[in-house]
file run.cif (mmCIF, C-alpha atoms)
data_model
loop_
_atom_site.label_atom_id
_atom_site.label_comp_id
_atom_site.auth_asym_id
_atom_site.auth_seq_id
_atom_site.Cartn_x
_atom_site.Cartn_y
_atom_site.Cartn_z
CA MET A 905 25.76 0.65 -22.01
CA THR A 906 26.42 3.57 -19.72
CA THR A 907 29.42 4.20 -17.57
CA THR A 908 27.75 6.80 -15.36
CA PRO A 909 29.31 6.63 -11.89
CA LEU A 910 27.19 5.35 -9.05
CA SER A 911 25.66 7.73 -6.51
CA PRO A 912 25.53 10.93 -8.54
CA THR A 913 23.20 12.58 -5.99
CA PRO A 914 23.19 13.03 -2.20
CA ARG A 915 20.14 10.81 -1.76
CA THR A 916 21.94 7.79 -3.20
CA THR A 917 25.22 8.51 -1.48
CA VAL A 918 25.86 5.93 1.23
CA GLY A 919 25.68 7.41 4.73
CA ARG A 920 26.74 4.91 7.39
CA GLY A 921 29.13 2.13 6.47
CA ARG A 922 31.00 3.87 3.67
CA ASN A 923 33.58 1.09 3.87
CA ARG A 924 30.86 -1.16 2.40
CA MET A 925 30.15 1.19 -0.48
CA VAL A 926 30.96 -0.12 -3.94
CA GLU A 927 31.73 2.56 -6.53
CA ASP A 928 31.49 0.36 -9.55
CA ARG A 929 28.57 0.37 -11.95
CA ALA A 930 29.61 -3.05 -13.27
CA ALA A 931 29.13 -4.50 -9.76
CA LEU A 932 25.64 -2.95 -9.67
CA HIS A 933 24.81 -4.55 -13.01
CA ALA A 934 26.13 -7.93 -11.82
CA LEU A 935 23.91 -7.84 -8.71
CA LEU A 936 20.87 -6.83 -10.76
CA ALA A 937 21.58 -9.76 -13.08
CA ASP A 938 21.95 -12.23 -10.16
CA ALA A 939 18.96 -11.29 -8.02
CA LEU A 940 15.37 -12.22 -8.81
CA VAL A 941 13.24 -10.13 -6.43
CA ALA A 942 13.19 -6.37 -5.89
CA HIS A 943 11.56 -4.56 -2.97
CA LEU A 944 9.72 -1.49 -4.25
CA GLY A 945 9.07 1.34 -1.80
CA VAL A 946 6.24 3.74 -2.59
CA THR A 947 4.50 6.39 -0.54
CA VAL A 948 0.79 5.67 -0.17
CA THR A 949 -1.80 8.02 1.27
CA ARG A 950 -4.93 6.87 3.05
CA ASP A 951 -7.33 9.17 4.85
CA GLY A 952 -4.85 12.01 4.51
CA HIS A 953 -2.03 10.08 6.18
CA SER A 954 1.02 9.06 4.12
CA HIS A 955 3.26 6.13 4.88
CA PRO A 956 5.79 3.99 3.04
CA LEU A 957 4.68 0.67 1.54
CA VAL A 958 7.28 -1.93 0.52
CA LEU A 959 6.27 -4.76 -1.82
CA PRO A 960 8.32 -7.57 -3.38
CA THR A 961 8.24 -7.71 -7.15
CA ALA A 962 9.87 -9.24 -10.19
CA TYR A 963 11.97 -6.90 -12.29
CA ALA A 964 14.28 -6.67 -15.25
CA VAL A 965 17.00 -4.30 -16.38
CA ASP A 966 17.74 -2.87 -19.82
CA LEU A 967 21.17 -1.27 -19.67
CA ASP A 968 20.46 0.20 -23.10
CA GLY A 969 16.99 1.37 -22.04
CA PRO A 970 15.77 4.90 -22.71
CA ASP A 971 16.49 6.23 -19.20
CA THR A 972 19.77 7.74 -18.06
CA GLY A 973 22.00 5.01 -16.65
CA GLY A 974 19.74 2.32 -18.13
CA THR A 975 16.20 1.32 -17.21
CA LEU A 976 14.85 -0.87 -14.44
CA TYR A 977 11.42 -2.30 -15.33
CA LEU A 978 8.66 -3.40 -12.95
CA HIS A 979 5.21 -4.64 -13.85
CA GLY A 980 1.87 -5.32 -12.25
CA SER A 981 -1.85 -5.40 -12.73
CA VAL A 982 -3.31 -2.14 -14.04
CA ALA A 983 -5.70 -2.38 -11.07
CA ALA A 984 -2.91 -2.48 -8.44
CA GLY A 985 -3.00 0.44 -6.04
CA TRP A 986 0.79 0.49 -5.59
CA LEU A 987 1.23 1.00 -9.32
CA ARG A 988 -0.98 4.07 -9.27
CA ALA A 989 0.87 5.35 -6.18
CA ALA A 990 4.24 4.83 -7.87
CA THR A 991 3.51 6.40 -11.26
CA ASP A 992 5.25 9.77 -11.64
CA ALA A 993 6.30 9.58 -7.98
CA THR A 994 9.71 9.12 -6.40
CA VAL A 995 10.17 5.44 -5.64
CA CYS A 996 12.95 3.39 -4.09
CA VAL A 997 13.79 -0.01 -5.54
CA THR A 998 16.07 -2.11 -3.35
CA ILE A 999 17.58 -5.37 -4.50
CA THR A 1000 19.43 -7.50 -1.97
CA GLU A 1001 21.22 -10.81 -2.10
CA LEU A 1002 22.16 -12.46 1.18
CA ASP A 1003 25.59 -14.12 0.91
CA GLY A 1004 26.36 -15.20 4.45
CA LEU A 1005 26.05 -14.95 8.22
CA VAL A 1006 29.03 -13.36 9.95
CA THR A 1007 29.44 -15.16 13.26
CA ALA A 1008 31.80 -12.84 15.07
CA ARG A 1009 33.46 -13.21 18.48
CA SER A 1010 31.05 -10.69 20.04
CA ALA A 1011 27.37 -9.91 19.50
CA PHE A 1012 28.32 -6.38 18.40
CA HIS A 1013 30.36 -7.57 15.42
CA HIS A 1014 27.82 -10.11 14.19
CA SER A 1015 26.81 -9.13 10.69
CA MET A 1016 25.68 -10.48 7.35
CA ASN A 1017 27.46 -10.80 4.04
CA TYR A 1018 25.32 -9.29 1.31
CA ARG A 1019 25.11 -7.19 -1.82
CA SER A 1020 22.40 -4.55 -1.88
CA ALA A 1021 21.49 -1.93 -4.47
CA VAL A 1022 19.26 1.05 -3.73
CA VAL A 1023 17.80 2.80 -6.78
CA ILE A 1024 15.86 6.03 -6.31
CA GLY A 1025 14.02 7.71 -9.13
CA THR A 1026 10.78 8.85 -10.63
CA ALA A 1027 8.72 5.95 -11.91
CA ARG A 1028 7.51 6.44 -15.47
CA ALA A 1029 4.46 4.60 -16.79
CA VAL A 1030 5.54 2.87 -19.99
CA ASP A 1031 2.95 3.84 -22.61
CA ASP A 1032 4.73 2.86 -25.81
CA PRO A 1033 3.45 -0.62 -26.79
CA ALA A 1034 6.82 -1.70 -28.20
CA GLU A 1035 8.69 -0.68 -25.03
CA CYS A 1036 6.00 -2.36 -22.95
CA ARG A 1037 6.32 -5.69 -24.81
CA HIS A 1038 10.12 -5.44 -24.67
CA ALA A 1039 10.02 -4.85 -20.90
CA LEU A 1040 7.68 -7.81 -20.32
CA ASP A 1041 9.96 -10.03 -22.43
CA LEU A 1042 12.93 -8.89 -20.32
CA ILE A 1043 11.06 -9.68 -17.08
CA VAL A 1044 10.30 -13.24 -18.28
CA ASP A 1045 13.86 -13.66 -19.58
CA HIS A 1046 15.27 -12.42 -16.26
CA MET A 1047 13.60 -15.42 -14.60
CA VAL A 1048 14.54 -17.91 -17.35
CA PRO A 1049 17.00 -16.63 -19.98
CA GLY A 1050 15.71 -17.04 -23.50
CA ARG A 1051 12.20 -18.02 -22.40
CA SER A 1052 10.20 -15.16 -23.94
CA ALA A 1053 11.17 -16.23 -27.46
CA THR A 1054 9.69 -19.70 -26.85
CA LEU A 1055 6.25 -18.46 -25.73
CA ARG A 1056 3.23 -17.42 -27.77
CA ALA A 1057 2.77 -13.66 -28.22
CA SER A 1058 0.84 -11.93 -25.44
CA THR A 1059 -2.75 -11.14 -26.39
CA ARG A 1060 -4.10 -7.60 -26.58
CA LYS A 1061 -6.22 -8.37 -23.51
CA GLU A 1062 -3.16 -9.60 -21.53
CA LEU A 1063 -1.18 -6.49 -22.47
CA ALA A 1064 -4.13 -4.23 -21.56
CA ALA A 1065 -4.28 -5.83 -18.09
CA THR A 1066 -0.58 -5.25 -17.42
CA ALA A 1067 1.11 -1.99 -16.45
CA VAL A 1068 4.84 -1.48 -16.81
CA LEU A 1069 6.86 1.05 -14.83
CA ALA A 1070 10.34 2.27 -15.72
CA VAL A 1071 12.81 3.61 -13.17
CA PRO A 1072 16.12 5.16 -14.33
CA LEU A 1073 19.20 3.37 -13.00
CA LEU A 1074 20.99 6.72 -12.77
CA GLU A 1075 20.61 7.30 -9.03
CA ALA A 1076 21.88 4.11 -7.46
CA SER A 1077 24.08 3.07 -4.60
CA LEU A 1078 25.56 -0.32 -3.90
CA LYS A 1079 26.79 -1.77 -0.64
CA ALA A 1080 28.44 -5.12 -0.17
CA ARG A 1081 30.07 -7.11 2.59
CA ALA A 1082 32.01 -10.34 2.21
CA GLY A 1083 34.26 -12.56 4.29
CA GLY A 1084 34.77 -13.09 7.99
CA PRO A 1085 34.17 -10.87 11.01
CA VAL A 1086 36.03 -7.69 11.89
CA ASP A 1087 36.52 -8.40 15.58
CA ASP A 1088 38.04 -6.51 18.47
CA PRO A 1089 41.72 -7.47 18.93
CA GLU A 1090 41.07 -8.52 22.55
CA ASP A 1091 38.43 -11.03 21.47
CA VAL A 1092 40.76 -12.46 18.84
CA ALA A 1093 43.60 -12.62 21.36
CA ALA A 1094 41.33 -14.47 23.80
CA GLY A 1095 41.26 -17.42 21.38
CA ILE A 1096 37.50 -17.25 20.79
CA TRP A 1097 36.28 -18.81 17.53
CA GLY A 1098 35.12 -16.46 14.78
CA GLY A 1099 34.06 -17.08 11.22
CA HIS A 1100 31.17 -17.00 8.83
CA ILE A 1101 28.55 -19.24 7.28
CA PRO A 1102 28.08 -18.87 3.50
CA VAL A 1103 24.48 -18.60 2.30
CA ARG A 1104 23.35 -18.99 -1.27
CA ARG A 1105 20.24 -19.51 -3.34
CA VAL A 1106 19.89 -22.74 -5.25
CA VAL A 1107 17.36 -23.89 -7.83
CA GLY A 1108 15.90 -27.38 -7.84
CA ALA A 1109 14.99 -29.54 -10.80
CA ALA A 1110 12.07 -28.32 -12.92
CA VAL A 1111 8.72 -29.72 -11.77
CA SER A 1112 6.44 -30.50 -14.70
CA ASP A 1113 2.80 -29.56 -14.47
CA ILE A 1114 -0.04 -31.92 -15.44
CA ASP A 1115 1.53 -32.75 -18.79
CA ALA A 1116 4.31 -35.03 -17.62
CA ASP A 1117 4.64 -36.50 -21.12
CA VAL A 1118 5.70 -33.14 -22.61
CA PRO A 1119 9.49 -32.77 -22.31
CA VAL A 1120 10.90 -29.92 -20.21
CA PRO A 1121 11.96 -27.16 -22.66
CA ALA A 1122 15.67 -26.47 -23.10
CA ASP A 1123 15.49 -22.94 -21.59
CA VAL A 1124 13.86 -24.26 -18.40
CA ARG A 1125 16.31 -27.17 -18.21
CA ALA A 1126 19.21 -24.73 -18.52
CA ARG A 1127 17.83 -22.57 -15.68
CA ALA A 1128 16.89 -25.40 -13.31
CA ALA A 1129 19.15 -27.89 -11.58
CA ALA A 1130 19.89 -31.08 -13.49
CA LEU A 1131 17.53 -33.92 -12.61
CA MET B 655 1.62 -15.40 22.24
CA THR B 656 -1.18 -13.53 20.57
CA THR B 657 -3.87 -14.86 18.31
CA THR B 658 -4.82 -11.47 16.85
CA PRO B 659 -6.06 -12.00 13.31
CA LEU B 660 -3.90 -10.69 10.50
CA SER B 661 -4.82 -7.49 8.67
CA PRO B 662 -6.86 -5.73 11.34
CA THR B 663 -6.72 -2.43 9.43
CA PRO B 664 -7.38 -1.34 5.83
CA ARG B 665 -3.72 -0.48 5.22
CA THR B 666 -2.65 -4.08 5.82
CA THR B 667 -5.57 -5.64 3.99
CA VAL B 668 -4.40 -7.22 0.75
CA GLY B 669 -5.66 -5.38 -2.32
CA ARG B 670 -4.81 -7.21 -5.53
CA GLY B 671 -4.40 -10.98 -5.45
CA ARG B 672 -6.65 -11.78 -2.51
CA ASN B 673 -6.41 -15.44 -3.53
CA ARG B 674 -2.80 -15.26 -2.34
CA MET B 675 -3.74 -13.80 1.04
CA VAL B 676 -3.02 -15.98 4.05
CA GLU B 677 -5.24 -15.32 7.06
CA ASP B 678 -3.21 -17.23 9.57
CA ARG B 679 -1.00 -15.62 12.15
CA ALA B 680 0.91 -18.90 12.63
CA ALA B 681 1.94 -18.76 8.95
CA LEU B 682 3.21 -15.20 9.51
CA HIS B 683 5.24 -16.36 12.50
CA ALA B 684 6.66 -19.29 10.48
CA LEU B 685 7.83 -16.95 7.70
CA LEU B 686 9.37 -14.53 10.19
CA ALA B 687 11.23 -17.46 11.76
CA ASP B 688 12.47 -18.74 8.36
CA ALA B 689 13.64 -15.51 6.75
CA LEU B 690 16.84 -13.66 7.65
CA VAL B 691 16.58 -10.26 5.98
CA ALA B 692 13.83 -7.63 6.25
CA HIS B 693 13.37 -4.66 3.94
CA LEU B 694 12.53 -1.57 5.97
CA GLY B 695 10.71 1.27 4.26
CA VAL B 696 10.96 4.73 5.79
CA THR B 697 10.05 8.16 4.52
CA VAL B 698 13.06 10.46 4.35
CA THR B 699 13.01 14.18 3.70
CA ARG B 700 15.83 16.06 2.01
CA ASP B 701 15.65 19.69 0.97
CA GLY B 702 11.91 19.70 1.67
CA HIS B 703 11.24 16.74 -0.63
CA SER B 704 10.08 13.44 0.87
CA HIS B 705 10.59 10.04 -0.70
CA PRO B 706 10.57 6.41 0.41
CA LEU B 707 13.86 4.71 1.27
CA VAL B 708 14.08 0.92 1.48
CA LEU B 709 17.02 -0.71 3.25
CA PRO B 710 17.80 -4.35 4.00
CA THR B 711 18.31 -5.19 7.64
CA ALA B 712 18.58 -8.03 10.11
CA TYR B 713 15.64 -8.46 12.46
CA ALA B 714 14.16 -10.61 15.19
CA VAL B 715 10.70 -11.26 16.54
CA ASP B 716 9.49 -11.56 20.12
CA LEU B 717 5.96 -12.97 20.00
CA ASP B 718 5.71 -12.21 23.72
CA GLY B 719 7.14 -8.71 23.24
CA PRO B 720 5.47 -5.65 24.74
CA ASP B 721 3.69 -4.55 21.55
CA THR B 722 0.26 -5.68 20.46
CA GLY B 723 0.58 -8.79 18.31
CA GLY B 724 4.19 -9.24 19.39
CA THR B 725 7.26 -7.14 18.61
CA LEU B 726 9.52 -7.01 15.57
CA TYR B 727 12.97 -5.67 16.46
CA LEU B 728 15.44 -3.89 14.16
CA HIS B 729 18.77 -2.40 15.07
CA GLY B 730 21.41 -0.11 13.69
CA SER B 731 24.06 2.44 14.49
CA VAL B 732 22.82 5.35 16.58
CA ALA B 733 24.35 7.56 13.86
CA ALA B 734 22.28 6.03 11.03
CA GLY B 735 20.01 8.52 9.32
CA TRP B 736 17.33 5.91 8.55
CA LEU B 737 17.01 5.15 12.26
CA ARG B 738 16.28 8.78 13.04
CA ALA B 739 13.80 8.93 10.13
CA ALA B 740 12.04 5.78 11.36
CA THR B 741 11.72 6.64 15.04
CA ASP B 742 8.11 7.51 15.97
CA ALA B 743 7.20 7.40 12.27
CA THR B 744 5.06 4.95 10.34
CA VAL B 745 7.33 2.38 8.77
CA CYS B 746 6.77 -0.65 6.58
CA VAL B 747 8.79 -3.82 7.17
CA THR B 748 8.54 -6.38 4.40
CA ILE B 749 9.98 -9.86 4.69
CA THR B 750 10.02 -12.06 1.61
CA GLU B 751 11.20 -15.56 0.89
CA LEU B 752 11.45 -16.64 -2.75
CA ASP B 753 10.32 -20.27 -3.15
CA GLY B 754 10.26 -20.77 -6.89
CA LEU B 755 9.95 -19.58 -10.46
CA VAL B 756 6.60 -20.33 -12.10
CA THR B 757 7.33 -21.12 -15.74
CA ALA B 758 3.86 -20.92 -17.22
CA ARG B 759 2.69 -21.65 -20.79
CA SER B 760 2.37 -17.91 -21.54
CA ALA B 761 4.36 -14.86 -20.51
CA PHE B 762 1.27 -13.44 -18.80
CA HIS B 763 1.00 -16.33 -16.33
CA HIS B 764 4.68 -16.43 -15.43
CA SER B 765 5.00 -15.79 -11.71
CA MET B 766 7.04 -16.58 -8.65
CA ASN B 767 6.36 -18.77 -5.66
CA TYR B 768 6.99 -16.82 -2.49
CA ARG B 769 5.90 -15.94 1.01
CA SER B 770 5.85 -12.25 1.87
CA ALA B 771 4.82 -10.42 5.03
CA VAL B 772 4.11 -6.70 5.16
CA VAL B 773 4.12 -5.13 8.63
CA ILE B 774 3.08 -1.51 9.01
CA GLY B 775 3.37 0.32 12.29
CA THR B 776 4.90 3.12 14.28
CA ALA B 777 8.55 2.42 15.12
CA ARG B 778 9.35 2.86 18.79
CA ALA B 779 12.89 3.60 19.96
CA VAL B 780 13.70 1.00 22.62
CA ASP B 781 15.01 2.96 25.62
CA ASP B 782 14.80 0.36 28.36
CA PRO B 783 18.28 -1.22 28.70
CA ALA B 784 16.88 -4.65 29.54
CA GLU B 785 14.57 -4.68 26.50
CA CYS B 786 17.45 -3.39 24.36
CA ARG B 787 19.80 -6.20 25.45
CA HIS B 788 17.00 -8.75 25.00
CA ALA B 789 16.29 -7.49 21.46
CA LEU B 790 19.97 -7.63 20.50
CA ASP B 791 20.22 -11.19 21.87
CA LEU B 792 17.18 -12.14 19.78
CA ILE B 793 18.74 -10.63 16.64
CA VAL B 794 21.94 -12.67 17.13
CA ASP B 795 19.92 -15.80 17.97
CA HIS B 796 17.75 -15.31 14.89
CA MET B 797 20.92 -15.73 12.79
CA VAL B 798 22.33 -18.61 14.84
CA PRO B 799 19.97 -20.12 17.44
CA GLY B 800 21.47 -20.18 20.92
CA ARG B 801 24.47 -18.08 19.96
CA SER B 802 23.93 -15.06 22.24
CA ALA B 803 24.35 -17.21 25.37
CA THR B 804 27.82 -18.28 24.17
CA LEU B 805 29.18 -14.75 23.65
CA ARG B 806 30.69 -12.31 26.13
CA ALA B 807 28.33 -9.60 27.39
CA SER B 808 28.14 -6.48 25.24
CA THR B 809 30.09 -3.56 26.65
CA ARG B 810 28.48 -0.29 27.71
CA LYS B 811 30.19 1.37 24.72
CA GLU B 812 28.82 -1.22 22.29
CA LEU B 813 25.30 -0.82 23.67
CA ALA B 814 25.59 2.98 23.53
CA ALA B 815 26.53 2.78 19.84
CA THR B 816 23.52 0.63 18.97
CA ALA B 817 19.92 1.76 18.56
CA VAL B 818 17.03 -0.68 18.67
CA LEU B 819 13.63 -0.06 17.09
CA ALA B 820 10.45 -1.97 17.89
CA VAL B 821 7.54 -2.33 15.47
CA PRO B 822 4.28 -3.96 16.62
CA LEU B 823 3.34 -7.09 14.66
CA LEU B 824 -0.34 -6.13 14.98
CA GLU B 825 -0.84 -4.69 11.52
CA ALA B 826 0.45 -7.36 9.19
CA SER B 827 -0.55 -9.04 5.99
CA LEU B 828 0.81 -12.20 4.45
CA LYS B 829 0.71 -13.35 0.85
CA ALA B 830 1.95 -16.65 -0.45
CA ARG B 831 2.04 -18.54 -3.72
CA ALA B 832 3.07 -22.14 -4.20
CA GLY B 833 2.94 -24.79 -6.91
CA GLY B 834 2.65 -24.73 -10.67
CA PRO B 835 1.19 -22.18 -13.07
CA VAL B 836 -2.47 -21.27 -13.43
CA ASP B 837 -2.63 -21.29 -17.23
CA ASP B 838 -5.31 -20.54 -19.78
CA PRO B 839 -7.16 -23.74 -20.77
CA GLU B 840 -6.29 -23.20 -24.47
CA ASP B 841 -2.57 -23.16 -23.69
CA VAL B 842 -2.89 -26.34 -21.64
CA ALA B 843 -4.94 -27.99 -24.39
CA ALA B 844 -2.26 -27.02 -26.93
CA GLY B 845 0.11 -29.43 -25.21
CA ILE B 846 2.63 -26.72 -24.25
CA TRP B 847 4.88 -27.56 -21.30
CA GLY B 848 4.24 -25.75 -18.01
CA GLY B 849 5.72 -26.14 -14.58
CA HIS B 850 7.88 -24.51 -11.97
CA ILE B 851 11.43 -24.42 -10.69
CA PRO B 852 11.83 -24.64 -6.89
CA VAL B 853 14.21 -22.11 -5.33
CA ARG B 854 15.59 -22.31 -1.83
CA ARG B 855 18.29 -20.82 0.36
CA VAL B 856 21.04 -23.11 1.56
CA VAL B 857 23.84 -22.59 4.05
CA GLY B 858 27.36 -23.82 3.47
CA ALA B 859 29.83 -25.20 5.98
CA ALA B 860 31.14 -22.73 8.56
CA VAL B 861 34.34 -21.00 7.46
CA SER B 862 36.75 -20.48 10.35
CA ASP B 863 38.54 -17.17 10.67
CA ILE B 864 42.27 -16.87 11.35
CA ASP B 865 42.13 -19.25 14.32
CA ALA B 866 41.77 -22.53 12.43
CA ASP B 867 42.93 -24.45 15.50
CA VAL B 868 39.90 -23.32 17.55
CA PRO B 869 37.02 -25.77 17.00
CA VAL B 870 33.79 -24.47 15.44
CA PRO B 871 31.29 -23.94 18.29
CA ALA B 872 28.28 -26.26 18.53
CA ASP B 873 25.72 -23.50 17.82
CA VAL B 874 27.49 -22.51 14.59
CA ARG B 875 27.91 -26.16 13.57
CA ALA B 876 24.19 -26.73 14.11
CA ARG B 877 23.32 -23.71 11.93
CA ALA B 878 25.78 -24.38 9.11
CA ALA B 879 25.88 -27.30 6.71
CA ALA B 880 27.90 -30.30 7.82
CA LEU B 881 31.48 -30.23 6.57
#
call {"tool": "encode", "arguments": {"input": "run.cif", "output": "structure tokens"}}
result
Amino acid sequence: MTTTPLSPTPRTTVGRGRNRMVEDRAALHALLADALVAHLGVTVTRDGHSHPLVLPTAYAVDLDGPDTGGTLYLHGSVAAGWLRAATDATVCVTITELDGLVTARSAFHHSMNYRSAVVIGTARAVDDPAECRHALDLIVDHMVPGRSATLRASTRKELAATAVLAVPLLEASLKARAGGPVDDPEDVAAGIWGGHIPVRRVVGAAVSDIDADVPVPADVRARAAAL
Amino acid sequence: MTTTPLSPTPRTTVGRGRNRMVEDRAALHALLADALVAHLGVTVTRDGHSHPLVLPTAYAVDLDGPDTGGTLYLHGSVAAGWLRAATDATVCVTITELDGLVTARSAFHHSMNYRSAVVIGTARAVDDPAECRHALDLIVDHMVPGRSATLRASTRKELAATAVLAVPLLEASLKARAGGPVDDPEDVAAGIWGGHIPVRRVVGAAVSDIDADVPVPADVRARAAAL
């Protein structure tokens, strides 16, 4: 595991809101472990005009992966246009968890509590079959820890239909906000209420498919809420 | 309120996974009402090299706004670099709600349940003071319905420090997935368990700031979980 500092380049150095900047790679890793969805930004070109495209996607992280700072893995259909646009291009992968609504004493100081990581790097198409299988296992295990080991091996056809992209975790920034509002002293002195509303993501109980007589596997039970 | 169909242009027509495409503007509006965070994609240029940047941000929607299809509003500090990069440029605003983890019978068919809107358009700097104030009220009310009417008016200084961007809702696409896995018949026949784990966002009880003797306002109580 790397101890590279966050934000080693200007493009992942936080501009506005430096007070929200977190300079701790362990905090980045914790957010990446908590969150489930990444938003991938790629530049697409159509009829000679380029524009950004942002798509939600599953992901996984290998802190011991081959890229500097560790490796962030994405996957998709080999036929997906965004995958072709991303390969060997600079992409931005942003991972955000919403933690609360900050209900300040003025509209201006309303805010949200959150943790958000921005990773910028060149996306590498993973060609090595062993790295590809490892990445796909990590993506399944990121959703449900331990699950990949309980499933049958992927077929050659399934692997051929799936593309895996790797983005180095080297260039990353992390911002976070927590707690109540930072209000103007006059508004506090006026006795106006201020506070925040915590927000969190919860999982429900596992819903069995058509085979209700097959018991829910232990890995899924551990990930889901107790019945 | 408009009834423009979704995806009126090729760049917001769903490519892969057309079975997940939702052709219903009401479903788009429902997602935009449910979600709290948007991911804004802009193209930034540094030292002559352009790359996408994706940032999380609060937002609000005015279906009767001045732009075709309704208006999506974003805001930020006038000093924010991303705001300058977005103004008069093509941006992508993606809004995603995670609804579940699809724990299929094979790694290949693992998926997520979600709703995700992609809006592509030219971001307009909102210069009209009345539209600006209206947009900021909508952003506060999107977090806590009815809240803007309970707060003091924003000062001239606060308004001068805040920039508002408008993106037309015209060019939008919506994808959604719900329910259990779509597995290979052989895996189902093999009696392997398959199913899904629902995921949802919950709010906690409002946390009062330093003034614990001031009662929590009705709008915040209505938004937060009961104590």
call {"tool": "residues_around", "arguments": {"input": "run.cif", "residues": "B:Ser704", "least_positions_apart": "6", "cutoff": "10 Å", "atoms": "all atoms listed in the file", "output": "PyMOL selection string"}}
result
(chain A and resi 947+994) or (chain B and resi 697-698)
call {"tool": "closest_atom_pairs", "arguments": {"input": "run.cif", "of": "stretch 915-992 of chain A", "to": "stretch 746-769 of chain B", "cutoff": "7 Å", "atoms": "all atoms listed in the file", "output": "JSON lines"}}
result
{"residue": "A:Pro956", "atom": "CA", "partner": "B:Cys746", "partner_atom": "CA", "distance": 5.9}
{"residue": "A:Leu957", "atom": "CA", "partner": "B:Cys746", "partner_atom": "CA", "distance": 5.6}
{"residue": "A:Val958", "atom": "CA", "partner": "B:Thr748", "partner_atom": "CA", "distance": 6.0}
{"residue": "A:Leu959", "atom": "CA", "partner": "B:Thr748", "partner_atom": "CA", "distance": 6.8}
{"residue": "A:Pro960", "atom": "CA", "partner": "B:Thr750", "partner_atom": "CA", "distance": 6.9}
call {"tool": "closest_residue", "arguments": {"input": "run.cif", "among": "A:Gly980, A:Gly1025, A:Gly973, A:Gly945", "to": "chain B", "atoms": "only C-alpha atoms"}}
result
A:Gly945
call {"tool": "residues_around", "arguments": {"input": "run.cif", "residues": "A:His979", "least_positions_apart": "6", "cutoff": "10 Å", "atoms": "all atoms listed in the file", "output": "ChimeraX atom specification"}}
result
/A:961-964,987,1029-1030,1036,1039-1040,1043,1066-1070
call {"tool": "resolve_selection", "arguments": {"input": "run.cif", "expression": "the PyMOL selection byres ((chain B and resi 876) around 12)", "output": "tab-separated table (two decimals) with C-alpha atoms, in the coordinates of the input"}}
result
chain	number	residue	atom	x	y	z
A	1101	ILE	CA	28.55	-19.24	7.28
B	797	MET	CA	20.92	-15.73	12.79
B	798	VAL	CA	22.33	-18.61	14.84
B	799	PRO	CA	19.97	-20.12	17.44
B	800	GLY	CA	21.47	-20.18	20.92
B	801	ARG	CA	24.47	-18.08	19.96
B	857	VAL	CA	23.84	-22.59	4.05
B	858	GLY	CA	27.36	-23.82	3.47
B	859	ALA	CA	29.83	-25.20	5.98
B	860	ALA	CA	31.14	-22.73	8.56
B	870	VAL	CA	33.79	-24.47	15.44
B	871	PRO	CA	31.29	-23.94	18.29
B	872	ALA	CA	28.28	-26.26	18.53
B	873	ASP	CA	25.72	-23.50	17.82
B	874	VAL	CA	27.49	-22.51	14.59
B	875	ARG	CA	27.91	-26.16	13.57
B	877	ARG	CA	23.32	-23.71	11.93
B	878	ALA	CA	25.78	-24.38	9.11
B	879	ALA	CA	25.88	-27.30	6.71
B	880	ALA	CA	27.90	-30.30	7.82
B	881	LEU	CA	31.48	-30.23	6.57
call {"tool": "residues_around", "arguments": {"input": "run.cif", "residues": "B:Arg665", "least_positions_apart": "3", "cutoff": "12 Å", "atoms": "only C-alpha atoms", "output": "PyMOL selection string"}}
result
(chain A and resi 948-951+953-957+985-986) or (chain B and resi 660-662+668-669+744-746+772-775+824-827)
call {"tool": "atom_distance", "arguments": {"input": "run.cif", "atom1": "atom CA of B:Thr809", "atom2": "atom CA of A:His1100"}}
result
22.3 Å
